[in-house]
Amino acid sequence: MTARLILSGLADLFRRPSMSLSVILGVFATVFLCGLLALAQVGLDGALAKGQGVLRFQVYWKPGVDAALTARQMDWMRALPGVIEAKAFSPEAAMAVMRGSLGGAAEPLLPGAVNPLPYTLLLGFAPPEHDDAFARQTLERLTAVDGVAEVRYNPAAIDAARSLGLLGSQAVLPLGAILALLVGLVVGNTVRLTLLRRREEFEIMRLVGAAESVIALPLVAGAAAMGFVGAGLAATALAFLWSAVAGQLAAAPLWLSLAAPPGWLWFALIAAPTAVSALAGVAAAMESRP
Amino acid sequence: MIEVAGLRHCFGRREVLRDLTFSLEKGGFAFLTGPSGAGKSTLLRILHGSLPLQEGRAVAAGHDLAALRLSKLHQLRRDVAMVFQDFKILPERSVADNVALPLVVRGTPAARIERRVRSALTALRLTELANRPCAELAGGEQQRVAIARAVVAGPRLMLADEPTGNLDWDLSLRLLDILRQFSAHGTAILMATHNQALVAAAPDARIIRLERAAPDAATVPDAAAGPEEAP
Ligand SMILES: Nc1ncnc2c1ncn2[C@@H]1O[C@H](COP(=O)(O)OP(=O)(O)OP(=O)(O)O)[C@@H](O)[C@H]1O
Ligand SMILES: [Mg+2]
């Protein structure tokens, strides 16, 4: 009986496809927005956690420098006091990554020509003491190396990112609550509309002996399904977006590797709107009781 | 099957039913008569749980209406079927779908629904119309759909509000015959009707007669009660 009622609720969604679709779209947009914020938060948190207490310098060599000399200079830099991580990219390696991320587009520009990309080395220092002097001295030493074109060091950007992250973490909860409310309103009002449109039918069903659950269950199942599909689509879109962005960030010139968002986040992104939709359906059905 | 004692019902200050007492046994058949506005539909709606019991005692198919909770209303309506004066059928659905509705909402298996719907349609001579949308039917045909729907689930008590209101004399007689057959099979039937000729056509049936109450409750004499008293 229960399975039959649930199935009939799902079948009802196809009877009014435009209405179901618009609800799914509403849920999609809401969940996508909320998920985007949560993912940004997770990505930022990951990046900041990795960068906590670490000073980072990105060293760029001039194009066309001698490979052997550069390799020796890199070895010297890796041996500097306080270095805890180092990631080097040769022009060839950088080109390979670029090809990967740009596809064939990069190819015809560069055949046989001198590779215009520079050698680059990302250095992470654990400073002995958290003082500006160390950062400044390291910056000067790196810049002074022969053949080095530029050294980037920006703790200011990290501070900005950190405060942005703080702002984000404070905004996530209230925003999540508002968006949950939105999902509930969209789905709940649709169920209410259905109840109103089919009022006569439901009244007749009651008159011939239908329990309230027989009327409510298909509606709740339909509501939950719309929430589930909308949220599922949003999560899928977010997963694609994430992999695209992560791919971009992992390439030149950022070389940032983002940790994958935790499984519970995906679960929450789908389960919460489904639950909110089902609850909105229950609430609407309860209201309609005589 | 029905026990009513000291029943009184008012709409606002207007008293429609007053000190009504009667009973109907299992498989019994009774006409509910009285002029328009006497409260026939009101009584049937109270017994069907559609109007609250205000005063007195009423038991329908073992369900005490004074103790009836909203969450248990559907149980009453599975035992007590009603043929409504205005049919209350779903116009855009087919005859068979309408007749099947009481079984569908009970979760009856599909094969059993089909069997019972078929026999109800046969009894009411609706087989030919089974797949037609009810909106296309004549008033008398719709009325028969409403009756088929009331009998399809084998209720213990059937309340019929003017079930012959849209039928010609021959059909009315045949319907009366069908209803009496159902009551012979154990379904108690209380049938509200204006049609004195029909009442006369079943001389052995019980008659519960309601009188029209005076417009002002305060001036109502002791006339509103039915003459039939509980044994
Ligand atoms: N919901 C209501 N609110 C107020 N008054 C009502 C309501 N329903 C019925 N009445 C009044 O109660 C009285 C009895 O109505 P009821 O429908 O029970 O009569 P009836 O005997 O079925 O009449 P008929 O033979 O015309 O169907 C009527 O005067 C009617 O106007
Ligand atoms: Mg009436």
# chains A, B, ... in the order shown; residues from 1 in each chain; ligands from 1
call {"tool": "interface_residues", "arguments": {"of": "chain A", "to": "chain B", "cutoff": "9 Å", "atoms": "only C-alpha atoms", "output": "ChimeraX atom specification"}}
result
/A:1-2,4-5,200-201,204-212,214-215,290
call {"tool": "write_last_selection", "arguments": {"atoms": "N, CA, C and O atoms", "output": "mmCIF file, in the first residue's frame"}}
result
data_model
loop_
_atom_site.group_PDB
_atom_site.id
_atom_site.type_symbol
_atom_site.label_atom_id
_atom_site.label_comp_id
_atom_site.auth_asym_id
_atom_site.auth_seq_id
_atom_site.Cartn_x
_atom_site.Cartn_y
_atom_site.Cartn_z
ATOM 1 N N MET A 1 0.842 -1.211 0.000
ATOM 2 C CA MET A 1 0.000 0.000 0.000
ATOM 3 C C MET A 1 0.868 1.249 0.000
ATOM 4 O O MET A 1 0.700 2.144 -0.819
ATOM 5 N N THR A 2 1.841 1.266 0.953
ATOM 6 C CA THR A 2 2.724 2.424 1.054
ATOM 7 C C THR A 2 3.496 2.624 -0.242
ATOM 8 O O THR A 2 3.560 3.749 -0.775
ATOM 9 N N ARG A 4 2.704 1.616 -3.167
ATOM 10 C CA ARG A 4 1.795 2.030 -4.232
ATOM 11 C C ARG A 4 1.484 3.526 -4.141
ATOM 12 O O ARG A 4 1.431 4.226 -5.151
ATOM 13 N N LEU A 5 1.288 4.002 -2.909
ATOM 14 C CA LEU A 5 0.987 5.427 -2.729
ATOM 15 C C LEU A 5 2.177 6.290 -3.147
ATOM 16 O O LEU A 5 2.016 7.334 -3.778
ATOM 17 N N GLU A 200 -11.371 19.056 -4.457
ATOM 18 C CA GLU A 200 -12.611 18.307 -4.624
ATOM 19 C C GLU A 200 -12.331 16.806 -4.636
ATOM 20 O O GLU A 200 -13.030 16.017 -3.990
ATOM 21 N N GLU A 201 -11.275 16.449 -5.365
ATOM 22 C CA GLU A 201 -10.903 15.036 -5.463
ATOM 23 C C GLU A 201 -10.553 14.472 -4.082
ATOM 24 O O GLU A 201 -11.007 13.391 -3.700
ATOM 25 N N ILE A 204 -13.611 14.040 -1.936
ATOM 26 C CA ILE A 204 -14.372 12.835 -2.307
ATOM 27 C C ILE A 204 -13.655 11.591 -1.805
ATOM 28 O O ILE A 204 -14.284 10.650 -1.308
ATOM 29 N N MET A 205 -12.325 11.580 -1.906
ATOM 30 C CA MET A 205 -11.573 10.426 -1.385
ATOM 31 C C MET A 205 -11.837 10.245 0.100
ATOM 32 O O MET A 205 -12.029 9.127 0.587
ATOM 33 N N ARG A 206 -11.868 11.366 0.842
ATOM 34 C CA ARG A 206 -12.168 11.262 2.277
ATOM 35 C C ARG A 206 -13.564 10.699 2.485
ATOM 36 O O ARG A 206 -13.786 9.875 3.370
ATOM 37 N N LEU A 207 -14.517 11.157 1.670
ATOM 38 C CA LEU A 207 -15.900 10.720 1.844
ATOM 39 C C LEU A 207 -16.079 9.236 1.586
ATOM 40 O O LEU A 207 -17.001 8.614 2.109
ATOM 41 N N VAL A 208 -15.213 8.650 0.749
ATOM 42 C CA VAL A 208 -15.356 7.212 0.498
ATOM 43 C C VAL A 208 -14.387 6.392 1.344
ATOM 44 O O VAL A 208 -14.182 5.220 1.085
ATOM 45 N N GLY A 209 -13.776 7.027 2.357
ATOM 46 C CA GLY A 209 -13.035 6.245 3.345
ATOM 47 C C GLY A 209 -11.524 6.326 3.267
ATOM 48 O O GLY A 209 -10.844 5.460 3.815
ATOM 49 N N ALA A 210 -10.985 7.363 2.596
ATOM 50 C CA ALA A 210 -9.527 7.488 2.535
ATOM 51 C C ALA A 210 -9.001 8.032 3.857
ATOM 52 O O ALA A 210 -9.520 9.022 4.374
ATOM 53 N N ALA A 211 -7.986 7.368 4.403
ATOM 54 C CA ALA A 211 -7.295 7.912 5.571
ATOM 55 C C ALA A 211 -6.483 9.123 5.110
ATOM 56 O O ALA A 211 -6.138 9.238 3.932
ATOM 57 N N GLU A 212 -6.177 10.026 6.049
ATOM 58 C CA GLU A 212 -5.396 11.211 5.688
ATOM 59 C C GLU A 212 -4.059 10.818 5.070
ATOM 60 O O GLU A 212 -3.543 11.481 4.171
ATOM 61 N N VAL A 214 -3.413 8.400 3.171
ATOM 62 C CA VAL A 214 -3.567 8.011 1.764
ATOM 63 C C VAL A 214 -3.521 9.244 0.865
ATOM 64 O O VAL A 214 -3.045 9.208 -0.265
ATOM 65 N N ILE A 215 -4.011 10.356 1.393
ATOM 66 C CA ILE A 215 -3.974 11.597 0.623
ATOM 67 C C ILE A 215 -2.599 12.246 0.732
ATOM 68 O O ILE A 215 -2.045 12.737 -0.250
ATOM 69 N N PRO A 290 -9.298 18.614 7.282
ATOM 70 C CA PRO A 290 -10.544 19.316 7.596
ATOM 71 C C PRO A 290 -10.676 19.618 9.092
ATOM 72 O O PRO A 290 -10.052 18.954 9.887
#
call {"tool": "select_by_dssp", "arguments": {"residues": "range 12-71 of chain B", "states": "alpha helix (DSSP H)", "output": "number ranges by chain"}}
result
B: 40-47
call {"tool": "write_last_selection", "arguments": {"atoms": "all heavy atoms", "output": "short mmCIF file (atom, residue, chain, number, x, y, z; two decimals), in the first residue's frame"}}
result
data_model
loop_
_atom_site.label_atom_id
_atom_site.label_comp_id
_atom_site.auth_asym_id
_atom_site.auth_seq_id
_atom_site.Cartn_x
_atom_site.Cartn_y
_atom_site.Cartn_z
N LYS B 40 -33.41 15.64 6.46
CA LYS B 40 -33.02 14.29 6.04
C LYS B 40 -31.52 14.23 5.73
O LYS B 40 -30.80 13.37 6.25
CB LYS B 40 -33.82 13.86 4.79
CG LYS B 40 -35.33 13.87 5.00
CD LYS B 40 -36.07 13.38 3.79
CE LYS B 40 -35.99 14.32 2.58
NZ LYS B 40 -36.65 15.62 2.82
N SER B 41 -31.07 15.15 4.89
CA SER B 41 -29.65 15.17 4.54
C SER B 41 -28.80 15.44 5.78
O SER B 41 -27.72 14.86 5.95
CB SER B 41 -29.37 16.25 3.49
OG SER B 41 -30.05 15.96 2.30
N THR B 42 -29.31 16.30 6.65
CA THR B 42 -28.57 16.62 7.87
C THR B 42 -28.35 15.36 8.71
O THR B 42 -27.23 15.08 9.16
CB THR B 42 -29.34 17.67 8.69
OG1 THR B 42 -29.54 18.82 7.86
CG2 THR B 42 -28.60 18.05 9.94
N LEU B 43 -29.39 14.57 8.88
CA LEU B 43 -29.27 13.33 9.65
C LEU B 43 -28.26 12.37 9.01
O LEU B 43 -27.40 11.81 9.69
CB LEU B 43 -30.64 12.65 9.76
CG LEU B 43 -30.62 11.26 10.40
CD1 LEU B 43 -30.14 11.33 11.85
CD2 LEU B 43 -31.99 10.60 10.33
N LEU B 44 -28.38 12.22 7.69
CA LEU B 44 -27.46 11.30 7.01
C LEU B 44 -26.02 11.79 7.15
O LEU B 44 -25.09 10.99 7.35
CB LEU B 44 -27.83 11.17 5.52
CG LEU B 44 -29.20 10.54 5.23
CD1 LEU B 44 -29.43 10.39 3.73
CD2 LEU B 44 -29.33 9.18 5.92
N ARG B 45 -25.82 13.09 7.07
CA ARG B 45 -24.45 13.63 7.18
C ARG B 45 -23.89 13.44 8.59
O ARG B 45 -22.70 13.22 8.76
CB ARG B 45 -24.42 15.10 6.77
CG ARG B 45 -24.60 15.27 5.25
CD ARG B 45 -24.75 16.71 4.86
NE ARG B 45 -23.54 17.47 5.13
CZ ARG B 45 -23.51 18.78 5.28
NH1 ARG B 45 -24.63 19.48 5.19
NH2 ARG B 45 -22.38 19.39 5.51
N ILE B 46 -24.77 13.52 9.59
CA ILE B 46 -24.30 13.25 10.96
C ILE B 46 -23.86 11.79 11.08
O ILE B 46 -22.79 11.48 11.60
CB ILE B 46 -25.40 13.57 11.99
CG1 ILE B 46 -25.68 15.07 12.04
CG2 ILE B 46 -25.01 13.05 13.38
CD1 ILE B 46 -26.91 15.45 12.84
N LEU B 47 -24.70 10.88 10.51
CA LEU B 47 -24.38 9.46 10.61
C LEU B 47 -23.14 9.09 9.81
O LEU B 47 -22.49 8.08 10.07
CB LEU B 47 -25.57 8.62 10.12
CG LEU B 47 -26.82 8.71 11.00
CD1 LEU B 47 -27.98 7.98 10.35
CD2 LEU B 47 -26.53 8.13 12.39
#
call {"tool": "residues_near_ligand", "arguments": {"ligand": "ligand 1", "cutoff": "12 Å", "atoms": "only C-alpha atoms and all ligand atoms", "output": "number ranges by chain"}}
result
B: 9-18, 32-46, 50-52, 84-86, 160-163, 165, 191-195, 209-216, 224
call {"tool": "residues_around", "arguments": {"residues": "range 23-27 of chain A", "least_positions_apart": "6", "cutoff": "7 Å", "atoms": "only C-alpha atoms", "output": "CSV table (one decimal) with N, CA, C and O atoms, in the first residue's frame"}}
result
chain,number,residue,atom,x,y,z
A,183,VAL,N,13.8,26.7,0.0
A,183,VAL,CA,13.4,25.4,-0.5
A,183,VAL,C,12.0,24.9,0.0
A,183,VAL,O,11.1,24.5,-0.7
A,186,VAL,N,9.2,27.0,-1.5
A,186,VAL,CA,8.9,26.7,-2.9
A,186,VAL,C,8.1,25.4,-3.0
A,186,VAL,O,7.1,25.3,-3.6
A,187,VAL,N,8.7,24.4,-2.3
A,187,VAL,CA,8.1,23.0,-2.4
A,187,VAL,C,6.7,23.1,-1.6
A,187,VAL,O,5.7,22.6,-2.1
A,226,MET,N,10.9,15.9,-5.8
A,226,MET,CA,11.3,17.1,-6.4
A,226,MET,C,12.5,17.7,-5.7
A,226,MET,O,13.4,18.2,-6.4
A,227,GLY,N,12.5,17.7,-4.4
A,227,GLY,CA,13.7,18.2,-3.7
A,227,GLY,C,14.9,17.4,-4.0
A,227,GLY,O,16.0,17.9,-4.2
A,229,VAL,N,15.6,15.5,-6.7
A,229,VAL,CA,16.0,15.6,-8.1
A,229,VAL,C,16.7,17.0,-8.2
A,229,VAL,O,17.8,17.1,-8.8
A,230,GLY,N,16.1,18.1,-7.7
A,230,GLY,CA,16.7,19.4,-7.7
A,230,GLY,C,18.0,19.4,-7.1
A,230,GLY,O,19.0,20.0,-7.6
A,231,ALA,N,18.1,18.9,-5.9
A,231,ALA,CA,19.4,18.9,-5.1
A,231,ALA,C,20.4,18.0,-5.8
A,231,ALA,O,21.6,18.4,-5.9
call {"tool": "atom_distance", "arguments": {"atom1": "CA of Leu33 in chain A", "atom2": "CA of Ala235 in chain A"}}
result
10.4 Å
call {"tool": "atom_distance", "arguments": {"atom1": "CA of Ala278 in chain A", "atom2": "CA of Ala221 in chain A"}}
result
6.9 Å
call {"tool": "residues_around", "arguments": {"residues": "Leu185 in chain A", "least_positions_apart": "3", "cutoff": "12 Å", "atoms": "only C-alpha atoms", "output": "list of chain:residue names"}}
result
A:Val23, A:Gly26, A:Val27, A:Thr30, A:Ile178, A:Leu179, A:Ala180, A:Leu181, A:Leu182, A:Gly188, A:Asn189, A:Thr190, A:Val191, A:Arg192, A:Leu193, A:Ala223, A:Gly227, A:Pro273, A:Val276, A:Ser277, A:Ala278, A:Leu279, A:Ala280, A:Gly281, A:Ala283, A:Ala284
call {"tool": "residues_around", "arguments": {"residues": "Ala184 in chain B", "least_positions_apart": "4", "cutoff": "12 Å", "atoms": "only C-alpha atoms", "output": "mmCIF file with all heavy atoms, in the first residue's frame"}}
result
data_model
loop_
_atom_site.group_PDB
_atom_site.id
_atom_site.type_symbol
_atom_site.label_atom_id
_atom_site.label_comp_id
_atom_site.auth_asym_id
_atom_site.auth_seq_id
_atom_site.Cartn_x
_atom_site.Cartn_y
_atom_site.Cartn_z
ATOM 1 N N GLU B 25 -31.810 -2.286 12.294
ATOM 2 C CA GLU B 25 -31.022 -3.496 12.566
ATOM 3 C C GLU B 25 -30.158 -3.855 11.353
ATOM 4 O O GLU B 25 -30.327 -3.305 10.270
ATOM 5 C CB GLU B 25 -31.951 -4.652 12.941
ATOM 6 C CG GLU B 25 -32.856 -5.132 11.820
ATOM 7 C CD GLU B 25 -34.015 -4.191 11.479
ATOM 8 O OE1 GLU B 25 -34.142 -3.090 12.082
ATOM 9 O OE2 GLU B 25 -34.798 -4.541 10.598
ATOM 10 N N LYS B 26 -29.274 -4.807 11.557
ATOM 11 C CA LYS B 26 -28.408 -5.311 10.480
ATOM 12 C C LYS B 26 -29.273 -5.838 9.344
ATOM 13 O O LYS B 26 -30.234 -6.574 9.557
ATOM 14 C CB LYS B 26 -27.549 -6.451 11.047
ATOM 15 C CG LYS B 26 -26.596 -7.083 10.043
ATOM 16 C CD LYS B 26 -25.670 -8.078 10.759
ATOM 17 C CE LYS B 26 -24.595 -8.615 9.838
ATOM 18 N NZ LYS B 26 -25.078 -9.464 8.759
ATOM 19 N N GLY B 27 -28.952 -5.393 8.139
ATOM 20 C CA GLY B 27 -29.704 -5.847 6.971
ATOM 21 C C GLY B 27 -31.087 -5.238 6.863
ATOM 22 O O GLY B 27 -31.867 -5.605 5.987
ATOM 23 N N GLY B 28 -31.396 -4.272 7.746
ATOM 24 C CA GLY B 28 -32.710 -3.633 7.695
ATOM 25 C C GLY B 28 -32.783 -2.609 6.564
ATOM 26 O O GLY B 28 -31.775 -2.147 6.046
ATOM 27 N N PHE B 29 -34.006 -2.305 6.185
ATOM 28 C CA PHE B 29 -34.210 -1.307 5.137
ATOM 29 C C PHE B 29 -35.238 -0.300 5.620
ATOM 30 O O PHE B 29 -36.322 -0.680 6.067
ATOM 31 C CB PHE B 29 -34.691 -1.976 3.845
ATOM 32 C CG PHE B 29 -34.829 -1.019 2.694
ATOM 33 C CD1 PHE B 29 -33.816 -0.909 1.747
ATOM 34 C CD2 PHE B 29 -35.963 -0.213 2.563
ATOM 35 C CE1 PHE B 29 -33.932 -0.019 0.688
ATOM 36 C CE2 PHE B 29 -36.070 0.688 1.513
ATOM 37 C CZ PHE B 29 -35.060 0.782 0.567
ATOM 38 N N ARG B 156 -21.351 -2.043 5.646
ATOM 39 C CA ARG B 156 -22.310 -2.616 6.593
ATOM 40 C C ARG B 156 -23.578 -1.785 6.634
ATOM 41 O O ARG B 156 -24.660 -2.284 6.938
ATOM 42 C CB ARG B 156 -21.683 -2.677 7.984
ATOM 43 C CG ARG B 156 -20.452 -3.579 8.016
ATOM 44 C CD ARG B 156 -19.685 -3.403 9.285
ATOM 45 N NE ARG B 156 -20.464 -3.848 10.436
ATOM 46 C CZ ARG B 156 -20.130 -3.579 11.695
ATOM 47 N NH1 ARG B 156 -19.030 -2.888 11.951
ATOM 48 N NH2 ARG B 156 -20.879 -4.009 12.682
ATOM 49 N N ASP B 177 -35.323 -2.179 -6.032
ATOM 50 C CA ASP B 177 -35.158 -3.626 -6.009
ATOM 51 C C ASP B 177 -33.703 -3.997 -5.706
ATOM 52 O O ASP B 177 -33.433 -4.867 -4.861
ATOM 53 C CB ASP B 177 -35.584 -4.171 -7.380
ATOM 54 C CG ASP B 177 -35.771 -5.667 -7.332
ATOM 55 O OD1 ASP B 177 -36.393 -6.137 -6.361
ATOM 56 O OD2 ASP B 177 -35.267 -6.355 -8.240
ATOM 57 N N ILE B 178 -32.768 -3.301 -6.385
ATOM 58 C CA ILE B 178 -31.337 -3.575 -6.174
ATOM 59 C C ILE B 178 -30.955 -3.313 -4.721
ATOM 60 O O ILE B 178 -30.295 -4.132 -4.062
ATOM 61 C CB ILE B 178 -30.480 -2.704 -7.124
ATOM 62 C CG1 ILE B 178 -30.641 -3.187 -8.571
ATOM 63 C CG2 ILE B 178 -29.013 -2.741 -6.719
ATOM 64 C CD1 ILE B 178 -30.096 -2.212 -9.593
ATOM 65 N N LEU B 179 -31.416 -2.165 -4.201
ATOM 66 C CA LEU B 179 -31.062 -1.816 -2.822
ATOM 67 C C LEU B 179 -31.631 -2.832 -1.840
ATOM 68 O O LEU B 179 -30.986 -3.211 -0.868
ATOM 69 C CB LEU B 179 -31.558 -0.408 -2.485
ATOM 70 C CG LEU B 179 -30.846 0.736 -3.212
ATOM 71 C CD1 LEU B 179 -31.369 2.082 -2.731
ATOM 72 C CD2 LEU B 179 -29.335 0.660 -3.018
ATOM 73 N N ARG B 180 -32.834 -3.297 -2.114
ATOM 74 C CA ARG B 180 -33.440 -4.270 -1.204
ATOM 75 C C ARG B 180 -32.685 -5.603 -1.249
ATOM 76 O O ARG B 180 -32.580 -6.287 -0.244
ATOM 77 C CB ARG B 180 -34.915 -4.457 -1.551
ATOM 78 C CG ARG B 180 -35.662 -3.113 -1.452
ATOM 79 C CD ARG B 180 -36.999 -3.214 -0.842
ATOM 80 N NE ARG B 180 -36.963 -3.776 0.485
ATOM 81 C CZ ARG B 180 -38.037 -4.006 1.231
ATOM 82 N NH1 ARG B 180 -39.228 -3.727 0.749
ATOM 83 N NH2 ARG B 180 -37.927 -4.510 2.419
ATOM 84 N N ALA B 188 -27.376 -2.822 5.912
ATOM 85 C CA ALA B 188 -28.502 -2.001 6.356
ATOM 86 C C ALA B 188 -28.575 -0.766 5.467
ATOM 87 O O ALA B 188 -27.547 -0.205 5.111
ATOM 88 C CB ALA B 188 -28.311 -1.596 7.810
ATOM 89 N N ILE B 189 -29.785 -0.373 5.097
ATOM 90 C CA ILE B 189 -29.927 0.771 4.183
ATOM 91 C C ILE B 189 -30.940 1.774 4.741
ATOM 92 O O ILE B 189 -32.058 1.401 5.122
ATOM 93 C CB ILE B 189 -30.360 0.302 2.779
ATOM 94 C CG1 ILE B 189 -29.247 -0.575 2.173
ATOM 95 C CG2 ILE B 189 -30.631 1.511 1.881
ATOM 96 C CD1 ILE B 189 -29.567 -1.105 0.790
#
call {"tool": "atom_distance", "arguments": {"atom1": "CA of Gly56 in chain B", "atom2": "CA of Ala5 in chain B"}}
result
5.9 Å
call {"tool": "select_by_dssp", "arguments": {"residues": "range 20-116 of chain B", "states": "strand (DSSP E or B)", "output": "PyMOL selection string"}}
result
chain B and resi 20-24+29-33+55-60+63-64+80-83+94
call {"tool": "closest_residue", "arguments": {"among": "B:Ala58, B:Leu24, B:Leu7, B:Val145", "to": "Leu129 in chain B", "atoms": "only C-alpha atoms"}}
result
B:Val145
call {"tool": "residues_around", "arguments": {"residues": "Ala60 in chain B", "least_positions_apart": "5", "cutoff": "7 Å", "atoms": "only C-alpha atoms", "output": "tab-separated table (two decimals) with C-alpha atoms, in the first residue's frame"}}
result
chain	number	residue	atom	x	y	z
B	1	MET	CA	-26.66	-0.94	12.68
B	2	ILE	CA	-28.02	2.50	13.45
B	3	GLU	CA	-28.94	3.64	16.93
B	47	LEU	CA	-24.38	9.46	10.61
call {"tool": "decode", "arguments": {"residues": "range 79-95 of chain A", "atoms": "N, CA and C atoms", "output": "PDB file, in the first residue's frame"}}
result
ATOM      1  N   ALA A  79      67.817  23.676  -0.231  1.00  0.00           N
ATOM      2  CA  ALA A  79      68.617  23.404   0.960  1.00  0.00           C
ATOM      3  C   ALA A  79      68.641  24.579   1.937  1.00  0.00           C
ATOM      4  N   LEU A  80      67.950  25.667   1.575  1.00  0.00           N
ATOM      5  CA  LEU A  80      67.932  26.837   2.473  1.00  0.00           C
ATOM      6  C   LEU A  80      67.304  26.452   3.808  1.00  0.00           C
ATOM      7  N   PRO A  81      67.739  27.093   4.885  1.00  0.00           N
ATOM      8  CA  PRO A  81      67.185  26.754   6.201  1.00  0.00           C
ATOM      9  C   PRO A  81      65.667  27.068   6.262  1.00  0.00           C
ATOM     10  N   GLY A  82      64.910  26.157   6.838  1.00  0.00           N
ATOM     11  CA  GLY A  82      63.477  26.395   7.031  1.00  0.00           C
ATOM     12  C   GLY A  82      62.602  25.916   5.893  1.00  0.00           C
ATOM     13  N   VAL A  83      63.162  25.430   4.805  1.00  0.00           N
ATOM     14  CA  VAL A  83      62.329  24.987   3.684  1.00  0.00           C
ATOM     15  C   VAL A  83      61.626  23.676   4.052  1.00  0.00           C
ATOM     16  N   ILE A  84      60.336  23.654   3.931  1.00  0.00           N
ATOM     17  CA  ILE A  84      59.619  22.412   4.231  1.00  0.00           C
ATOM     18  C   ILE A  84      58.937  21.846   2.992  1.00  0.00           C
ATOM     19  N   GLU A  85      58.782  22.659   1.968  1.00  0.00           N
ATOM     20  CA  GLU A  85      58.246  22.084   0.738  1.00  0.00           C
ATOM     21  C   GLU A  85      58.784  22.862  -0.448  1.00  0.00           C
ATOM     22  N   ALA A  86      58.931  22.122  -1.545  1.00  0.00           N
ATOM     23  CA  ALA A  86      59.425  22.753  -2.755  1.00  0.00           C
ATOM     24  C   ALA A  86      58.810  22.030  -3.930  1.00  0.00           C
ATOM     25  N   LYS A  87      58.316  22.835  -4.878  1.00  0.00           N
ATOM     26  CA  LYS A  87      57.700  22.218  -6.043  1.00  0.00           C
ATOM     27  C   LYS A  87      58.239  22.939  -7.259  1.00  0.00           C
ATOM     28  N   ALA A  88      58.979  22.197  -8.101  1.00  0.00           N
ATOM     29  CA  ALA A  88      59.609  22.821  -9.265  1.00  0.00           C
ATOM     30  C   ALA A  88      58.855  22.433 -10.520  1.00  0.00           C
ATOM     31  N   PHE A  89      58.825  23.372 -11.461  1.00  0.00           N
ATOM     32  CA  PHE A  89      58.260  23.063 -12.766  1.00  0.00           C
ATOM     33  C   PHE A  89      59.239  23.509 -13.819  1.00  0.00           C
ATOM     34  N   SER A  90      59.603  22.564 -14.686  1.00  0.00           N
ATOM     35  CA  SER A  90      60.413  22.935 -15.837  1.00  0.00           C
ATOM     36  C   SER A  90      59.463  23.491 -16.887  1.00  0.00           C
ATOM     37  N   PRO A  91      59.960  24.258 -17.849  1.00  0.00           N
ATOM     38  CA  PRO A  91      59.077  24.779 -18.905  1.00  0.00           C
ATOM     39  C   PRO A  91      58.321  23.649 -19.587  1.00  0.00           C
ATOM     40  N   GLU A  92      58.979  22.487 -19.771  1.00  0.00           N
ATOM     41  CA  GLU A  92      58.319  21.372 -20.452  1.00  0.00           C
ATOM     42  C   GLU A  92      57.150  20.868 -19.612  1.00  0.00           C
ATOM     43  N   ALA A  93      57.431  20.723 -18.324  1.00  0.00           N
ATOM     44  CA  ALA A  93      56.366  20.225 -17.441  1.00  0.00           C
ATOM     45  C   ALA A  93      55.202  21.213 -17.422  1.00  0.00           C
ATOM     46  N   ALA A  94      55.538  22.500 -17.336  1.00  0.00           N
ATOM     47  CA  ALA A  94      54.491  23.527 -17.310  1.00  0.00           C
ATOM     48  C   ALA A  94      53.688  23.495 -18.592  1.00  0.00           C
ATOM     49  N   MET A  95      54.408  23.296 -19.718  1.00  0.00           N
ATOM     50  CA  MET A  95      53.729  23.244 -21.008  1.00  0.00           C
ATOM     51  C   MET A  95      52.771  22.059 -21.059  1.00  0.00           C
TER      52      MET A  95
END
